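**Q** First the structure, which I've put down as structure tokens, then a few questions once you've had a look.
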Amino acid sequence: MNAYHRWTLLVALATALLTTAGSAAADYADYIYVPPAKSWEAHSAIPQAQAAAYLKQGFPRRVYTQYTKKNAALQAQARRYPAPVVATGHAVNLNAHECFGPAMADAEGRYFLAGIASEGALAIRLRVDLSGLLAGETLWLIDSTGPRAFGPFTAADADEEGLWLPTVLGDTAVLLLRTPGDALPMLYIEGLSHFFTLFEDNGEKALPCPIPANCETDAAFREVSTGVAMLIIAEETFNQVQCSGALLHSLMGSGLQPYLLTANHCFSSNPRPDQIDVVWDYRAAQCNGSGAPALFETPRSRGVSFLAKDAVLDAVLVQLDDAPVASLGRAWFGWDTRTPAVGNAVMGIHHPRGTPMKIAYGRVTAINVRACLDLLCMRPVYQQTTAQWSEGITESGSSG
């Protein structure tokens with residue numbers, strides 16, 4: 001995401017989308033920063049000790065081998081895509097009886113466990129059908145590398161095209177079903193995505209171009225940069241695309257709203273908000289690129305609804321379920337109705353290739369530009385602002 005003067009998003013985009021979403025008329029909005037939570041650690045929907053105890057129990061593990069030893073080939077193939085594809089996948093069409101083990105019980109009632117794996121995956125993401133769950137029945141997802149649990153997911157979370165669960169590290173996603181009754185709940189696992197690219201610098205942090213975010217010591221930057229997130233976006237083909245996005249101070253209603261602005265070209269032709277897995281505070285602790293958290297340690301959000309979508313401006317405004325204020329605090333970017341001018345200083349804050357947060361410095365070189373998103377320019381976008389970077393670089397995955 002680009003920022004300049006008052007740490008504002010480039011205007012035409014933000015103003016048009018805010019107007020579409022129905023915000024109050026204004027010339028600009030300053031950024032807002034909420035200080036760190038007094039005590040925050042990676043939130044687990046089930047206490048970590050309890051999640052670890054579940055993982056030690058015996059349960060069936062369904063393993064898929066379509067992509068065994070193919071990560072390097074998949075990475076090479078992904079370079080031909082216009083969007084930054086980090087995972088590919090396939091339908092699995094499993095009902096609960098095909099993958100869950102026998103009923104077990106604890107103080108909270110009866111539960112069932114299952115592991116779904118894609119051999120060699122660096123991370124995995126599942127799409128499930130929750131429509132068969134009854135009142136009181138819940139699904140939980142456990143990231144075994146933490147451990148960290150996500151949930152509860154209920155029939156109220158069901159989507160007619162399936163619900164994408166959060167991304168978890170490693171080759172196995174562990175599912176836990178709880179029920180107040182005796183029978184195994186009705187759950188349908190529709191498909192999985194196999195991540196062939198891991199969220200890390202892959203040895204490239206020694207290069208001079210990508211600049212880790214914590215190399216910038218300006219206090220205002222440190223605050224504002226907490227408003228930028230890494231996005232993992234599912235496609236209908238079970239591919240996963242990685243982009244960037246930023247919280248926007250909307251002036252709508254009372255309090256700060258979890259409204260996130262990103263690029264329209266990050267989405268397939270028929271996007272759904274639940275496709276978006278939002279990863280916050282994924283940044284190196286040191287300027288040399290070291291000290292980045294593991295994925296399970298990061299605050300997370302997911303998309304709830306699209307407030308505005310514009311293919312011409314190449315922008316999408318998404319409402320999230322939450323914008324968690326964690327150990328770094330959280331910022332909402334400001335915006336300004338003034339047109340940027342050639343020569344304005346610009347800073348980019350982004351997640352190139354799914355790596356920990358990077359920055360780039362440059363100046364505006366042109367405004368109101370018609371730009372192309374593919375070689376044949378089948379999807380032109382308009383009113384774009386271009387910049388020439390003097391330090392740092394933007395790459396695939398920086399979009400947003």
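To be explicit about the labels: the chains of the structure tokens are called A, B, and onward in the order shown, and within each one the residues are counted from 1, while ligands get numbers from 1 in the order they are shown.
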Residues at most 12 Å from A:Gly132, counting only C-alpha atoms, excluding those fewer than 5 positions away in the same chain, as a PyMOL selection string?
**A** chain A and resi 95-96+137-139+154-160+162+184-189
**Q** Can I get the selected residues back with N, CA and C atoms, as a CSV table (one decimal), in the first residue's frame?
**A**
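Generated file (out14.csv):
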```csv
chain,number,residue,atom,x,y,z
A,95,ASN,N,-17.1,-37.1,3.1
A,95,ASN,CA,-18.1,-36.8,4.2
A,95,ASN,C,-17.4,-37.2,5.5
A,96,ALA,N,-18.0,-36.8,6.6
A,96,ALA,CA,-17.3,-37.0,7.9
A,96,ALA,C,-17.1,-38.5,8.2
A,137,GLU,N,-23.8,-28.1,17.4
A,137,GLU,CA,-22.6,-28.8,16.8
A,137,GLU,C,-21.6,-27.8,16.2
A,138,THR,N,-20.3,-28.0,16.5
A,138,THR,CA,-19.3,-27.0,16.1
A,138,THR,C,-18.1,-27.7,15.4
A,139,LEU,N,-17.5,-27.0,14.5
A,139,LEU,CA,-16.2,-27.5,13.9
A,139,LEU,C,-15.1,-26.6,14.4
A,154,THR,N,-20.0,-22.9,12.8
A,154,THR,CA,-21.3,-23.5,12.9
A,154,THR,C,-22.0,-23.5,11.6
A,155,ALA,N,-23.3,-24.0,11.6
A,155,ALA,CA,-24.1,-23.9,10.4
A,155,ALA,C,-24.3,-22.5,10.0
A,156,ALA,N,-24.3,-21.5,11.0
A,156,ALA,CA,-24.5,-20.1,10.6
A,156,ALA,C,-23.4,-19.6,9.7
A,157,ASP,N,-22.2,-20.3,9.7
A,157,ASP,CA,-21.1,-19.8,8.9
A,157,ASP,C,-21.1,-20.5,7.5
A,158,ALA,N,-22.1,-21.3,7.3
A,158,ALA,CA,-22.2,-22.1,6.0
A,158,ALA,C,-22.4,-21.1,4.8
A,159,ASP,N,-21.7,-21.5,3.7
A,159,ASP,CA,-21.9,-20.8,2.5
A,159,ASP,C,-22.3,-21.8,1.4
A,160,GLU,N,-23.2,-21.4,0.5
A,160,GLU,CA,-23.7,-22.3,-0.5
A,160,GLU,C,-22.6,-22.9,-1.4
A,162,GLY,N,-19.5,-23.4,-0.1
A,162,GLY,CA,-18.5,-23.9,0.8
A,162,GLY,C,-17.8,-22.8,1.5
A,184,LEU,N,-22.1,-38.8,14.9
A,184,LEU,CA,-21.1,-37.9,14.2
A,184,LEU,C,-21.8,-36.8,13.4
A,185,PRO,N,-21.5,-35.6,13.6
A,185,PRO,CA,-22.1,-34.5,12.9
A,185,PRO,C,-21.9,-34.6,11.4
A,186,MET,N,-22.8,-34.1,10.6
A,186,MET,CA,-22.7,-34.1,9.1
A,186,MET,C,-21.8,-33.0,8.7
A,187,LEU,N,-20.6,-33.3,8.2
A,187,LEU,CA,-19.7,-32.4,7.7
A,187,LEU,C,-19.2,-32.9,6.4
A,188,TYR,N,-19.0,-32.0,5.4
A,188,TYR,CA,-18.5,-32.4,4.1
A,188,TYR,C,-17.3,-31.6,3.8
A,189,ILE,N,-16.2,-32.2,3.5
A,189,ILE,CA,-14.9,-31.6,3.2
A,189,ILE,C,-14.8,-31.5,1.6
```
**Q** Report as a Markdown table: every residue of stretch 263-306 of chain A with an atom at most 8 Å from stretch 221-237 of chain A, its closest pair of atoms, and their distance in Å to one decimal, counting only C-alpha atoms, with rows sorted by chain and ascending residue number.
**A**
```
| residue | atom | partner | partner_atom | distance |
| --- | --- | --- | --- | --- |
| A:Cys266 | CA | A:Ile233 | CA | 7.5 |
| A:Phe267 | CA | A:Ile233 | CA | 7.1 |
| A:Ser268 | CA | A:Glu235 | CA | 6.0 |
| A:Pro271 | CA | A:Glu235 | CA | 7.7 |
| A:Gln275 | CA | A:Ala234 | CA | 4.9 |
| A:Ile276 | CA | A:Ile233 | CA | 4.7 |
| A:Asp277 | CA | A:Ile232 | CA | 5.0 |
| A:Val278 | CA | A:Leu231 | CA | 4.8 |
| A:Val279 | CA | A:Met230 | CA | 5.1 |
| A:Trp280 | CA | A:Ala229 | CA | 4.9 |
| A:Asp281 | CA | A:Thr226 | CA | 6.5 |
| A:Tyr282 | CA | A:Met230 | CA | 7.4 |
```
**Q** Could you dump the residues just selected with N, CA, C and O atoms as a short mmCIF file (atom, residue, chain, number, x, y, z; two decimals), in the first residue's frame?
**A**
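And here's result.cif as it stands now:
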```
data_model
loop_
_atom_site.label_atom_id
_atom_site.label_comp_id
_atom_site.auth_asym_id
_atom_site.auth_seq_id
_atom_site.Cartn_x
_atom_site.Cartn_y
_atom_site.Cartn_z
N CYS A 266 -6.69 -9.12 -7.58
CA CYS A 266 -6.31 -10.24 -6.71
C CYS A 266 -7.39 -11.32 -6.66
O CYS A 266 -7.15 -12.40 -6.13
N PHE A 267 -8.58 -11.01 -7.19
CA PHE A 267 -9.72 -11.91 -7.06
C PHE A 267 -10.09 -12.53 -8.40
O PHE A 267 -9.89 -11.93 -9.46
N SER A 268 -10.67 -13.74 -8.33
CA SER A 268 -11.20 -14.38 -9.52
C SER A 268 -12.50 -13.68 -9.93
O SER A 268 -12.96 -12.76 -9.25
N PRO A 271 -15.83 -13.50 -6.92
CA PRO A 271 -15.25 -13.61 -5.57
C PRO A 271 -16.31 -13.68 -4.48
O PRO A 271 -17.43 -13.21 -4.63
N GLN A 275 -13.40 -16.06 1.06
CA GLN A 275 -12.17 -16.53 0.43
C GLN A 275 -10.93 -15.88 1.04
O GLN A 275 -9.82 -16.39 0.86
N ILE A 276 -11.10 -14.78 1.75
CA ILE A 276 -9.97 -13.96 2.19
C ILE A 276 -9.53 -14.36 3.60
O ILE A 276 -10.27 -14.23 4.57
N ASP A 277 -8.30 -14.84 3.71
CA ASP A 277 -7.65 -15.13 4.98
C ASP A 277 -6.65 -14.00 5.22
O ASP A 277 -5.72 -13.82 4.43
N VAL A 278 -6.85 -13.21 6.28
CA VAL A 278 -6.06 -11.99 6.52
C VAL A 278 -5.04 -12.25 7.62
O VAL A 278 -5.40 -12.66 8.72
N VAL A 279 -3.77 -12.01 7.31
CA VAL A 279 -2.66 -12.25 8.24
C VAL A 279 -2.06 -10.91 8.62
O VAL A 279 -1.56 -10.17 7.77
N TRP A 280 -2.08 -10.59 9.92
CA TRP A 280 -1.56 -9.30 10.43
C TRP A 280 -0.17 -9.47 11.05
O TRP A 280 0.18 -10.54 11.53
N ASP A 281 0.59 -8.37 11.05
CA ASP A 281 1.85 -8.26 11.80
C ASP A 281 2.89 -9.29 11.37
O ASP A 281 3.72 -9.72 12.18
N TYR A 282 2.85 -9.67 10.10
CA TYR A 282 3.84 -10.62 9.58
C TYR A 282 5.03 -9.80 9.09
O TYR A 282 5.08 -9.37 7.94
#
```
**Q** Please identify all polymer residues within 6 Å of stretch 323-339 of chain A, counting only C-alpha atoms, omitting same-chain residues fewer than 6 positions from it, and present them as a ChimeraX atom specification.
**A** /A:8-9,11,27-37,40,224,226-227,247-249,258
**Q** For the residues in that selection, give me N, CA, C and O atoms as a PDB file, in the first residue's frame.
**A**
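Generated file (out-v7.pdb):
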```pdb
ATOM      1  N   THR A   8      -1.538   9.032   3.842  1.00  0.00           N
ATOM      2  CA  THR A   8      -2.822   8.855   3.171  1.00  0.00           C
ATOM      3  C   THR A   8      -2.704   7.843   2.052  1.00  0.00           C
ATOM      4  O   THR A   8      -1.649   7.689   1.445  1.00  0.00           O
ATOM      5  N   LEU A   9      -3.802   7.165   1.770  1.00  0.00           N
ATOM      6  CA  LEU A   9      -3.856   6.328   0.587  1.00  0.00           C
ATOM      7  C   LEU A   9      -4.064   7.209  -0.626  1.00  0.00           C
ATOM      8  O   LEU A   9      -4.671   8.270  -0.540  1.00  0.00           O
ATOM      9  N   VAL A  11      -5.601   9.012  -3.566  1.00  0.00           N
ATOM     10  CA  VAL A  11      -6.964   9.475  -3.414  1.00  0.00           C
ATOM     11  C   VAL A  11      -8.059   8.920  -4.265  1.00  0.00           C
ATOM     12  O   VAL A  11      -9.100   8.587  -3.748  1.00  0.00           O
ATOM     13  N   ASP A  27     -13.168  15.977   3.025  1.00  0.00           N
ATOM     14  CA  ASP A  27     -12.029  16.216   2.155  1.00  0.00           C
ATOM     15  C   ASP A  27     -10.885  15.266   2.462  1.00  0.00           C
ATOM     16  O   ASP A  27     -10.099  14.935   1.582  1.00  0.00           O
ATOM     17  N   TYR A  28     -10.753  14.872   3.707  1.00  0.00           N
ATOM     18  CA  TYR A  28      -9.680  13.954   4.076  1.00  0.00           C
ATOM     19  C   TYR A  28      -9.997  13.334   5.427  1.00  0.00           C
ATOM     20  O   TYR A  28     -10.886  13.787   6.154  1.00  0.00           O
ATOM     21  N   ALA A  29      -9.264  12.301   5.738  1.00  0.00           N
ATOM     22  CA  ALA A  29      -9.325  11.693   7.069  1.00  0.00           C
ATOM     23  C   ALA A  29      -7.898  11.367   7.491  1.00  0.00           C
ATOM     24  O   ALA A  29      -7.145  10.768   6.725  1.00  0.00           O
ATOM     25  N   ASP A  30      -7.524  11.772   8.678  1.00  0.00           N
ATOM     26  CA  ASP A  30      -6.212  11.418   9.204  1.00  0.00           C
ATOM     27  C   ASP A  30      -6.178   9.945   9.589  1.00  0.00           C
ATOM     28  O   ASP A  30      -7.214   9.336   9.863  1.00  0.00           O
ATOM     29  N   TYR A  31      -4.976   9.394   9.628  1.00  0.00           N
ATOM     30  CA  TYR A  31      -4.874   8.011  10.083  1.00  0.00           C
ATOM     31  C   TYR A  31      -5.128   7.956  11.581  1.00  0.00           C
ATOM     32  O   TYR A  31      -4.935   8.928  12.306  1.00  0.00           O
ATOM     33  N   ILE A  32      -5.580   6.815  12.016  1.00  0.00           N
ATOM     34  CA  ILE A  32      -5.874   6.563  13.428  1.00  0.00           C
ATOM     35  C   ILE A  32      -5.033   5.381  13.884  1.00  0.00           C
ATOM     36  O   ILE A  32      -4.939   4.366  13.197  1.00  0.00           O
ATOM     37  N   TYR A  33      -4.436   5.507  15.052  1.00  0.00           N
ATOM     38  CA  TYR A  33      -3.612   4.423  15.589  1.00  0.00           C
ATOM     39  C   TYR A  33      -4.123   4.042  16.967  1.00  0.00           C
ATOM     40  O   TYR A  33      -4.319   4.893  17.835  1.00  0.00           O
ATOM     41  N   VAL A  34      -4.344   2.760  17.173  1.00  0.00           N
ATOM     42  CA  VAL A  34      -4.740   2.226  18.475  1.00  0.00           C
ATOM     43  C   VAL A  34      -3.518   1.543  19.081  1.00  0.00           C
ATOM     44  O   VAL A  34      -2.940   0.636  18.458  1.00  0.00           O
ATOM     45  N   PRO A  35      -3.071   1.957  20.267  1.00  0.00           N
ATOM     46  CA  PRO A  35      -1.854   1.393  20.867  1.00  0.00           C
ATOM     47  C   PRO A  35      -1.981  -0.103  21.125  1.00  0.00           C
ATOM     48  O   PRO A  35      -3.080  -0.663  21.115  1.00  0.00           O
ATOM     49  N   PRO A  36      -0.843  -0.757  21.367  1.00  0.00           N
ATOM     50  CA  PRO A  36      -0.859  -2.213  21.588  1.00  0.00           C
ATOM     51  C   PRO A  36      -1.749  -2.625  22.746  1.00  0.00           C
ATOM     52  O   PRO A  36      -1.932  -1.885  23.716  1.00  0.00           O
ATOM     53  N   ALA A  37      -2.293  -3.822  22.622  1.00  0.00           N
ATOM     54  CA  ALA A  37      -3.028  -4.405  23.737  1.00  0.00           C
ATOM     55  C   ALA A  37      -2.055  -4.619  24.894  1.00  0.00           C
ATOM     56  O   ALA A  37      -0.874  -4.918  24.688  1.00  0.00           O
ATOM     57  N   TRP A  40      -0.995  -9.420  24.878  1.00  0.00           N
ATOM     58  CA  TRP A  40      -1.543 -10.150  23.726  1.00  0.00           C
ATOM     59  C   TRP A  40      -0.582 -11.255  23.355  1.00  0.00           C
ATOM     60  O   TRP A  40       0.626 -11.079  23.307  1.00  0.00           O
ATOM     61  N   VAL A 224       1.657   3.476  11.403  1.00  0.00           N
ATOM     62  CA  VAL A 224       0.816   3.303  10.222  1.00  0.00           C
ATOM     63  C   VAL A 224       0.991   1.930   9.593  1.00  0.00           C
ATOM     64  O   VAL A 224       0.023   1.318   9.126  1.00  0.00           O
ATOM     65  N   THR A 226       1.208  -0.869  10.763  1.00  0.00           N
ATOM     66  CA  THR A 226       0.424  -1.939  11.383  1.00  0.00           C
ATOM     67  C   THR A 226      -0.944  -2.101  10.728  1.00  0.00           C
ATOM     68  O   THR A 226      -1.661  -3.070  11.004  1.00  0.00           O
ATOM     69  N   GLY A 227      -1.328  -1.154   9.868  1.00  0.00           N
ATOM     70  CA  GLY A 227      -2.598  -1.245   9.159  1.00  0.00           C
ATOM     71  C   GLY A 227      -2.530  -2.065   7.889  1.00  0.00           C
ATOM     72  O   GLY A 227      -3.546  -2.251   7.215  1.00  0.00           O
ATOM     73  N   LEU A 247      -6.130  -1.360   6.142  1.00  0.00           N
ATOM     74  CA  LEU A 247      -7.313  -0.847   6.807  1.00  0.00           C
ATOM     75  C   LEU A 247      -7.507   0.622   6.453  1.00  0.00           C
ATOM     76  O   LEU A 247      -6.543   1.382   6.350  1.00  0.00           O
ATOM     77  N   LEU A 248      -8.765   1.017   6.295  1.00  0.00           N
ATOM     78  CA  LEU A 248      -9.074   2.387   5.878  1.00  0.00           C
ATOM     79  C   LEU A 248      -9.978   3.051   6.906  1.00  0.00           C
ATOM     80  O   LEU A 248     -11.007   2.484   7.302  1.00  0.00           O
ATOM     81  N   HIS A 249      -9.589   4.254   7.337  1.00  0.00           N
ATOM     82  CA  HIS A 249     -10.400   5.038   8.265  1.00  0.00           C
ATOM     83  C   HIS A 249     -11.589   5.573   7.477  1.00  0.00           C
ATOM     84  O   HIS A 249     -11.446   6.428   6.615  1.00  0.00           O
ATOM     85  N   PRO A 258     -13.739  -2.444  10.630  1.00  0.00           N
ATOM     86  CA  PRO A 258     -12.723  -3.300  10.004  1.00  0.00           C
ATOM     87  C   PRO A 258     -12.876  -3.327   8.481  1.00  0.00           C
ATOM     88  O   PRO A 258     -13.177  -4.361   7.882  1.00  0.00           O
TER      89      PRO A 258
END
```
**Q** Nearest to A:Asp143 among A:Ile211, A:Leu256, A:Leu55, A:Ala91, with distances taken over only C-alpha atoms: which residue is it?
**A** A:Leu55
**Q** So that I can check the surroundings of A:Glu190, please list as a CSV table (one decimal) with C-alpha atoms, in the first residue's frame every protein, DNA and RNA residue that reaches within 9 Å of it, counting only C-alpha atoms and ignoring chain neighbours fewer than 4 positions away.
**A**
```csv
chain,number,residue,atom,x,y,z
A,90,HIS,CA,-8.2,-30.1,-5.9
A,91,ALA,CA,-11.6,-31.4,-4.8
A,92,VAL,CA,-11.7,-34.2,-2.2
A,93,ASN,CA,-15.4,-34.7,-1.7
A,94,LEU,CA,-15.2,-36.4,1.7
A,95,ASN,CA,-18.1,-36.8,4.2
A,126,LEU,CA,-9.5,-26.6,3.4
A,127,ARG,CA,-13.0,-25.8,2.1
A,128,VAL,CA,-15.9,-27.3,4.0
A,129,ASP,CA,-19.7,-27.5,3.8
A,162,GLY,CA,-18.5,-23.9,0.8
```
**Q** Using only C-alpha atoms, find the one residue out of A:Pro84, A:Ala76, A:Trp140, A:Thr172 that sits nearest to A:Val63.
**A**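 So, comparing all the options, the nearest one is A:Thr172.
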**Q** Using DSSP assignments from the backbone, pull out every residue in stretch 34-165 of chain A that falls under strand (DSSP E or B) and give it to me as a PyMOL selection string.
**A** chain A and resi 34+61-64+85-95+104-106+109-118+123-129+138-143+148-153+163-164
**Q** Need the shell around A:Ala285: protein/DNA/RNA residues with any atom at most 12 Å away, counting only C-alpha atoms. Skip same-chain ones fewer than 5 positions apart. Format as a list in words?
**A**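 Counting only C-alpha atoms, the residues come to Pro212, Ala213, Asn214, Cys215, Glu216, Arg222, Ser290, Gly291, Ala292, Pro293, Leu328, Pro356, Met357 and Lys358 of chain A.
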**Q** Any chance you could list, as a compact mmCIF listing (two decimals) with C-alpha atoms, in the first residue's frame, the residues in stretch 141-249 of chain A that come up helix (DSSP H, G or I) when DSSP is run on the backbone?
**A**
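After the write, out12.txt holds the following:
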```
# COMPACT_ATOMS: atom_id res chain seq x y z
CA ALA A 155 -24.09 -23.91 10.44
CA ALA A 156 -24.47 -20.12 10.64
CA ASP A 157 -21.08 -19.83 8.89
CA ALA A 213 9.73 -2.83 7.27
CA ASN A 214 11.59 -2.47 10.57
CA CYS A 215 14.50 -0.76 8.79
CA ALA A 219 7.64 6.57 14.76
CA ALA A 220 4.67 7.53 12.59
CA PHE A 221 5.62 4.91 10.02
CA ARG A 222 5.87 2.26 12.74
CA GLU A 223 2.30 3.09 13.72
CA VAL A 224 0.82 3.30 10.22
CA SER A 225 2.46 0.14 8.92
CA THR A 226 0.42 -1.94 11.38
CA GLY A 227 -2.60 -1.24 9.16
```
